[in-house]
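Here's the structure we're looking at; comments come further down.
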Amino acid sequence: MNCNGELRTFEGYTTDVITDLTLDYLARREKDRPFFVKYHHKAPHRPWDSDEAHAHLYVDEHIEHPVTFDDDYSNRSTAAREARMRIADHMTYRDLKLTPPPGTERWATVPNPQDVADFTLTPAESGVPVSFTDPSDLKDFKYQRYIKDYLRCVASVDDNVGRVLGHLDAEGIADHTIVVYTSDQGFFLGDHGWYDKRFMYEESLRMPFLVRYPAAVEPGTVVDEIVTNVDFAPTFCDWAGVAQPDYMQGRSFRGLRRGVVPADWPQSMYYRYWMHLAHHYVSAHYGVRTKTHKLIYYYGEALGQPETIDESKPKEWELFDLVADPDELNSVYGRTEYANVQSALTEELARLQAHVGDEPFSTSPERAG
């Protein structure tokens, strides 16, 4: 790990080590001064390696599939159909903790049933060959291995977060310490048949944001307003009594905890994924989300390299009614009954891009998904 410019090697499981370092700092800090700690975990990032303490979890359980597990990507964009992060087709030997055939890289994609029927499991499992004749059985097999490894990593994070909260309790400062639990983005856990992230669909777009501050936040408080990660820093400044610097985008949402919503509070949010086809073959896109609808535009150009337009990748739009279709299975872009919503969101998208200073690309829809 990079410790203030010094590379140091630690023995142990990363989640435990990060927690150990955090607890060490808390114990050594000057107790009469305020403190700020960013306690960031690598887990549950790929490749989802659990520690021995949690390796036994879910061994004898069958994890239910998400409702969109067998999504066929119809009624949506080409981008959704062509993304290479389907559990059934794109997970690797390393992802699934499978021993690859001789000469095969561990990051190679595991073949489908029509290509090979036998897999050799690692000794941590049964260690015997498993054969599949039904593609749905193989898909479930892959999902079970993936989701259980993922949840085991999360269980370790949960336990270690508990260690930190326990330290605050033991020191007697929990009631006056603001604890924020959040993440950089959501993740597909079999939703739409996928793993990974990137898309503006809900599972990837949404972030957890929980606050524990007994002195000022009533337990069980739920805020149903739109906030984004650019609002995090202004909120932290507000809690700490520090003026928000002019260069910060976003605004503090500290007051929302009391149910006080300013008249000019944002009713929409902007999203941009710019790494065109760089990972999992996900097309670059941007869009706008309100509480009830979402408009996405797949512009098909690499950021800063408009000359690299892939003409085989059509520019496409998606529009979702999040009330009628919360799982985002049917784009209603181009439907007459949504003409007013579509027009309003297109204007709002342009407004938000201008507001944040992002560079819009052509928005003439050659093809609607």
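In the structure tokens, each chain is lettered A, B, ... as it comes, each chain's residues begin at 1, and ligands are numbered from 1 in order of appearance.
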Quiz item: Excluding same-chain residues fewer than 4 positions from A:Pro326, what lies within 10 Å of it counting only C-alpha atoms, as a list in words?
Solution: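 Contacts, in chain order: Tyr201, Glu202, Thr292, His293, Phe320, Asp321, Leu322 and Asn330 of chain A.
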Selection to disk with all heavy atoms, as a PDB file, in the first residue's frame:
```pdb
ATOM      1  N   TYR A 201     -28.619   2.558 -15.883  1.00  0.00           N
ATOM      2  CA  TYR A 201     -29.756   1.849 -15.297  1.00  0.00           C
ATOM      3  C   TYR A 201     -29.659   1.913 -13.771  1.00  0.00           C
ATOM      4  O   TYR A 201     -28.576   2.048 -13.192  1.00  0.00           O
ATOM      5  CB  TYR A 201     -29.793   0.408 -15.789  1.00  0.00           C
ATOM      6  CG  TYR A 201     -29.983   0.281 -17.290  1.00  0.00           C
ATOM      7  CD1 TYR A 201     -29.285  -0.676 -18.025  1.00  0.00           C
ATOM      8  CD2 TYR A 201     -30.851   1.128 -17.980  1.00  0.00           C
ATOM      9  CE1 TYR A 201     -29.453  -0.791 -19.403  1.00  0.00           C
ATOM     10  CE2 TYR A 201     -31.017   1.012 -19.347  1.00  0.00           C
ATOM     11  CZ  TYR A 201     -30.316   0.057 -20.067  1.00  0.00           C
ATOM     12  OH  TYR A 201     -30.488  -0.047 -21.424  1.00  0.00           O
ATOM     13  N   GLU A 202     -30.803   1.765 -13.119  1.00  0.00           N
ATOM     14  CA  GLU A 202     -30.915   2.053 -11.695  1.00  0.00           C
ATOM     15  C   GLU A 202     -29.910   1.320 -10.819  1.00  0.00           C
ATOM     16  O   GLU A 202     -29.333   1.906  -9.907  1.00  0.00           O
ATOM     17  CB  GLU A 202     -32.338   1.733 -11.209  1.00  0.00           C
ATOM     18  CG  GLU A 202     -33.381   2.715 -11.695  1.00  0.00           C
ATOM     19  CD  GLU A 202     -33.145   4.120 -11.159  1.00  0.00           C
ATOM     20  OE1 GLU A 202     -33.471   4.374  -9.983  1.00  0.00           O
ATOM     21  OE2 GLU A 202     -32.624   4.959 -11.923  1.00  0.00           O
ATOM     22  N   THR A 292     -39.410  10.453 -11.811  1.00  0.00           N
ATOM     23  CA  THR A 292     -40.382   9.609 -12.509  1.00  0.00           C
ATOM     24  C   THR A 292     -39.919   9.097 -13.864  1.00  0.00           C
ATOM     25  O   THR A 292     -40.496   8.128 -14.376  1.00  0.00           O
ATOM     26  CB  THR A 292     -41.702  10.366 -12.708  1.00  0.00           C
ATOM     27  OG1 THR A 292     -41.448  11.576 -13.454  1.00  0.00           O
ATOM     28  CG2 THR A 292     -42.333  10.720 -11.365  1.00  0.00           C
ATOM     29  N   HIS A 293     -38.903   9.725 -14.460  1.00  0.00           N
ATOM     30  CA  HIS A 293     -38.496   9.327 -15.811  1.00  0.00           C
ATOM     31  C   HIS A 293     -36.978   9.410 -15.971  1.00  0.00           C
ATOM     32  O   HIS A 293     -36.279  10.062 -15.183  1.00  0.00           O
ATOM     33  CB  HIS A 293     -39.162  10.217 -16.873  1.00  0.00           C
ATOM     34  CG  HIS A 293     -40.645  10.063 -16.945  1.00  0.00           C
ATOM     35  ND1 HIS A 293     -41.498  10.767 -16.129  1.00  0.00           N
ATOM     36  CD2 HIS A 293     -41.434   9.268 -17.727  1.00  0.00           C
ATOM     37  CE1 HIS A 293     -42.748  10.432 -16.402  1.00  0.00           C
ATOM     38  NE2 HIS A 293     -42.739   9.526 -17.353  1.00  0.00           N
ATOM     39  N   PHE A 320     -37.341   5.923 -20.183  1.00  0.00           N
ATOM     40  CA  PHE A 320     -38.004   4.991 -19.282  1.00  0.00           C
ATOM     41  C   PHE A 320     -38.986   5.719 -18.376  1.00  0.00           C
ATOM     42  O   PHE A 320     -38.678   6.795 -17.852  1.00  0.00           O
ATOM     43  CB  PHE A 320     -36.982   4.238 -18.425  1.00  0.00           C
ATOM     44  CG  PHE A 320     -36.078   3.337 -19.217  1.00  0.00           C
ATOM     45  CD1 PHE A 320     -34.770   3.711 -19.480  1.00  0.00           C
ATOM     46  CD2 PHE A 320     -36.542   2.126 -19.708  1.00  0.00           C
ATOM     47  CE1 PHE A 320     -33.936   2.891 -20.220  1.00  0.00           C
ATOM     48  CE2 PHE A 320     -35.720   1.294 -20.452  1.00  0.00           C
ATOM     49  CZ  PHE A 320     -34.410   1.668 -20.709  1.00  0.00           C
ATOM     50  N   ASP A 321     -40.151   5.109 -18.211  1.00  0.00           N
ATOM     51  CA  ASP A 321     -41.146   5.554 -17.244  1.00  0.00           C
ATOM     52  C   ASP A 321     -40.876   4.774 -15.964  1.00  0.00           C
ATOM     53  O   ASP A 321     -41.230   3.596 -15.855  1.00  0.00           O
ATOM     54  CB  ASP A 321     -42.558   5.266 -17.772  1.00  0.00           C
ATOM     55  CG  ASP A 321     -43.653   5.778 -16.850  1.00  0.00           C
ATOM     56  OD1 ASP A 321     -43.407   5.906 -15.638  1.00  0.00           O
ATOM     57  OD2 ASP A 321     -44.768   6.016 -17.343  1.00  0.00           O
ATOM     58  N   LEU A 322     -40.222   5.396 -15.003  1.00  0.00           N
ATOM     59  CA  LEU A 322     -39.768   4.693 -13.807  1.00  0.00           C
ATOM     60  C   LEU A 322     -40.904   4.332 -12.857  1.00  0.00           C
ATOM     61  O   LEU A 322     -40.706   3.516 -11.948  1.00  0.00           O
ATOM     62  CB  LEU A 322     -38.725   5.536 -13.072  1.00  0.00           C
ATOM     63  CG  LEU A 322     -37.462   5.869 -13.877  1.00  0.00           C
ATOM     64  CD1 LEU A 322     -36.543   6.782 -13.081  1.00  0.00           C
ATOM     65  CD2 LEU A 322     -36.734   4.607 -14.302  1.00  0.00           C
ATOM     66  N   ASN A 330     -38.530  -1.626 -20.827  1.00  0.00           N
ATOM     67  CA  ASN A 330     -39.157  -1.169 -22.067  1.00  0.00           C
ATOM     68  C   ASN A 330     -38.921   0.318 -22.278  1.00  0.00           C
ATOM     69  O   ASN A 330     -39.460   1.148 -21.535  1.00  0.00           O
ATOM     70  CB  ASN A 330     -40.669  -1.446 -22.037  1.00  0.00           C
ATOM     71  CG  ASN A 330     -40.988  -2.925 -22.003  1.00  0.00           C
ATOM     72  OD1 ASN A 330     -40.865  -3.619 -23.000  1.00  0.00           O
ATOM     73  ND2 ASN A 330     -41.366  -3.409 -20.824  1.00  0.00           N
TER      74      ASN A 330
END
```
Report as a PDB file with C-alpha atoms, in the first residue's frame all protein, DNA and RNA residues lying within 9 Å of A:Arg94, evaluated on only C-alpha atoms, omitting residues in the same chain fewer than 6 positions from it.
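So selection-v5.pdb came out as:
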```pdb
ATOM      1  CA  PRO A  47     -12.192 -10.525  -8.350  1.00  0.00           C
ATOM      2  CA  PRO A 100      -8.946 -23.363 -16.584  1.00  0.00           C
ATOM      3  CA  GLU A 105      -5.646 -17.890 -19.212  1.00  0.00           C
ATOM      4  CA  ARG A 106      -7.578 -17.542 -15.976  1.00  0.00           C
ATOM      5  CA  TRP A 107      -9.185 -14.364 -17.308  1.00  0.00           C
ATOM      6  CA  ALA A 108     -10.496 -16.187 -20.366  1.00  0.00           C
ATOM      7  CA  THR A 109     -14.266 -16.404 -20.709  1.00  0.00           C
TER       8      THR A 109
END
```
Quiz item: Would you give me, as a ChimeraX atom specification, the residues in stretch 48-182 of chain A that DSSP reads as strand (DSSP E)?
Solution: /A:98-99,118-121,129-131,179-182
Can you build me a table of stretch 258-298 of chain A residues sitting at most 9 Å from stretch 218-229 of chain A, with the closest atom pair per residue and its distance in Å to one decimal, using only C-alpha atoms, sorted by chain and residue number, as CSV?
```
residue,atom,partner,partner_atom,distance
A:Arg258,CA,A:Thr221,CA,8.5
A:Gly259,CA,A:Val223,CA,7.4
A:Val261,CA,A:Glu225,CA,8.3
A:Trp265,CA,A:Glu225,CA,8.4
A:Pro266,CA,A:Ile226,CA,6.8
A:Gln267,CA,A:Ile226,CA,6.6
A:Ser268,CA,A:Ile226,CA,6.9
A:Met269,CA,A:Ile226,CA,7.2
A:Tyr270,CA,A:Thr228,CA,8.9
A:Thr290,CA,A:Ile226,CA,8.0
A:Lys291,CA,A:Ile226,CA,7.6
```
Exercise. Find the residues near A:Arg335: any atom within 12 Å, counting only C-alpha atoms, skip ones fewer than 4 places away on the same chain, and give them as a PyMOL selection string.
Key: chain A and resi 318-321+330-331+339-343+368-369
Exercise. Could you please determine the separation between atom CA of A:Leu168 and atom CA of A:His45 in Å, to one decimal place?
Key: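 For atom CA of A:Leu168 relative to atom CA of A:His45, the distance reads 26.8 Å.
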